[in-house]
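Asks: Below is one structure. I have some questions about it.
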Amino acid sequence: MAQLHFFGGEKGGVGKSFVCRTAIQFHEDQQMTPTIFDTDRSNPDVRRIYSHLGCRIAVFSEGEKYEDTANVIYNTAINERVLVNLPAQVFTPVKEWFEKNELFELSLEDGVEFYYWFVSDGGYDSLKLFGRSLKFFEGKVTHILVKNEGKCDDWTPLEQDEELQAL
């Protein structure tokens with residue numbers, strides 16, 4: 001399956017890696033073997049835990065030194081399902097990666113589907129970052145909002161945010 005699943009949320013400490021690890025475990029339980037990438041350079045916990053499954057490191061960066069290192073993620077997704085653990089505050093490099101490599105256009109030709117599992121703690125900043133992601137990807141990336149109810153039990157701000165609800 002030509003699918004690329006990102007697990008992120010822009011904010012640190014909201015449970016991004018936990019949700020990614022849960023997805024990996026689901027695939028293991030179903031005897032499915034996706035390719036796994038950890039892009040968190042400072043704390044590659046997914047790679048530490050799943051190195052036995054061949055978890056690889058890739059980097060999203062605005063620096064010239066790393067500008068093409070994430071391409072292996074998309075190239076792998078052309079032929080198989082890929083799960084990517086994202087670090088916090090990676091929106092700008094990921095956005096630039098999509099734009100520079102014209103991934104929206106390429107994915108139509110290659111049949112790659114994009115999914116973004118956006119983990120949120122329900123905070124104002126987290127929800128605003130979710131809206132920013134929805135606006136940029138304009139429906140070209142399916143977003144799944146993961147509500148971390150261990151961090152927040154009142155999602156009224158999300159439910160009452162007309163702009164987010166419209167998106």
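Ligands are numbered from 1 in the order shown, chains are lettered A, B, ... in the order of the structure tokens, and residues start at 1 in each chain.
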For Phe98 of chain A, find every residue with an atom within 12 Å (counting only C-alpha atoms), except residues of its own chain fewer than 6 positions away, and show them as a PyMOL selection string.

Replies: chain A and resi 60+67-68+70-71+73-74+91-92+104-107+114+136-137+140-141

Asks: Write out, as a short mmCIF file (atom, residue, chain, number, x, y, z; two decimals), in the first residue's frame, the residues just selected, with C-alpha atoms.

Replies:
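Written file, again_23.cif:
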data_model
loop_
_atom_site.label_atom_id
_atom_site.label_comp_id
_atom_site.auth_asym_id
_atom_site.auth_seq_id
_atom_site.Cartn_x
_atom_site.Cartn_y
_atom_site.Cartn_z
CA PHE A 60 13.56 17.18 8.11
CA GLU A 67 17.69 19.24 2.70
CA ASP A 68 17.36 15.99 0.72
CA ALA A 70 13.92 13.08 3.98
CA ASN A 71 13.40 12.07 0.35
CA ILE A 73 10.67 8.59 3.18
CA TYR A 74 8.61 9.46 0.11
CA PHE A 91 6.00 22.05 10.47
CA THR A 92 8.16 24.50 8.50
CA PHE A 104 1.23 16.83 -3.96
CA GLU A 105 1.69 16.50 -7.71
CA LEU A 106 4.05 13.51 -7.48
CA SER A 107 1.71 11.63 -5.16
CA PHE A 114 -0.78 10.97 2.95
CA PHE A 136 -1.57 24.30 4.39
CA PHE A 137 -2.43 20.77 3.33
CA LYS A 140 -4.45 16.80 0.24
CA VAL A 141 -3.35 15.10 3.44
#

Asks: Which parts of segment 16-140 of chain A does DSSP call strand (DSSP E or B) when run on the backbone here, written out as a PyMOL selection string?

Replies: chain A and resi 35-38+56-57+81-85+113-120

Asks: May I have the residues from that selection written out with C-alpha atoms, as a PDB file, in the first residue's frame?

Replies:
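Here's the written file part_2.pdb:
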ATOM      1  CA  THR A  35       8.729   0.720   6.996  1.00  0.00           C
ATOM      2  CA  ILE A  36       9.350   2.933  10.019  1.00  0.00           C
ATOM      3  CA  PHE A  37      11.247   6.213  10.156  1.00  0.00           C
ATOM      4  CA  ASP A  38      12.087   8.258  13.213  1.00  0.00           C
ATOM      5  CA  ARG A  56      15.507   4.142  10.094  1.00  0.00           C
ATOM      6  CA  ILE A  57      16.500   7.738  10.779  1.00  0.00           C
ATOM      7  CA  ARG A  81       3.206   1.724   3.862  1.00  0.00           C
ATOM      8  CA  VAL A  82       5.489   4.055   5.798  1.00  0.00           C
ATOM      9  CA  LEU A  83       5.095   5.261   9.387  1.00  0.00           C
ATOM     10  CA  VAL A  84       7.003   8.416  10.388  1.00  0.00           C
ATOM     11  CA  ASN A  85       7.523   9.653  13.921  1.00  0.00           C
ATOM     12  CA  GLU A 113      -1.733   8.692   0.028  1.00  0.00           C
ATOM     13  CA  PHE A 114      -0.779  10.967   2.948  1.00  0.00           C
ATOM     14  CA  TYR A 115      -2.132  10.758   6.496  1.00  0.00           C
ATOM     15  CA  TYR A 116      -1.280  13.040   9.404  1.00  0.00           C
ATOM     16  CA  TRP A 117      -2.078  11.723  12.871  1.00  0.00           C
ATOM     17  CA  PHE A 118      -2.078  15.065  14.721  1.00  0.00           C
ATOM     18  CA  VAL A 119      -1.767  14.515  18.468  1.00  0.00           C
ATOM     19  CA  SER A 120      -3.137  17.341  20.588  1.00  0.00           C
TER      20      SER A 120
END

Asks: Skip Asp110 of chain A itself and residues of its chain fewer than 4 positions away, then list as a VMD selection string all residues within 10 Å of it, counting only C-alpha atoms.

Replies: chain A and resid 2 75 77 to 79 103 105 to 106

Asks: So how many Å separate atom CA of Pro87 of chain A and atom CA of His5 of chain A, to one decimal?

Replies: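 Value for the atom CA of Pro87 of chain A-atom CA of His5 of chain A distance: 13.9 Å.
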
Asks: Between atom CA of Val112 of chain A and atom CA of Ile144 of chain A, measure the distance and give it in Å to one decimal.

Replies: 17.2 Å

Asks: Quick one: residues within 12 Å of Phe130 of chain A, only C-alpha atoms counted, chain neighbours fewer than 5 positions away excluded, as an NGL selection string?

Replies: :A and (8-11 or 89 or 91 or 116-125 or 135-137 or 143-147 or 158 or 161 or 163-165 or 167)

Asks: Segment 13-113 of chain A: which residues are helix (DSSP H, G or I) by DSSP, as an MDAnalysis selection string?

Replies: chainID A and resid 16:29 45:53 64:66 71:77 91:100 103:110
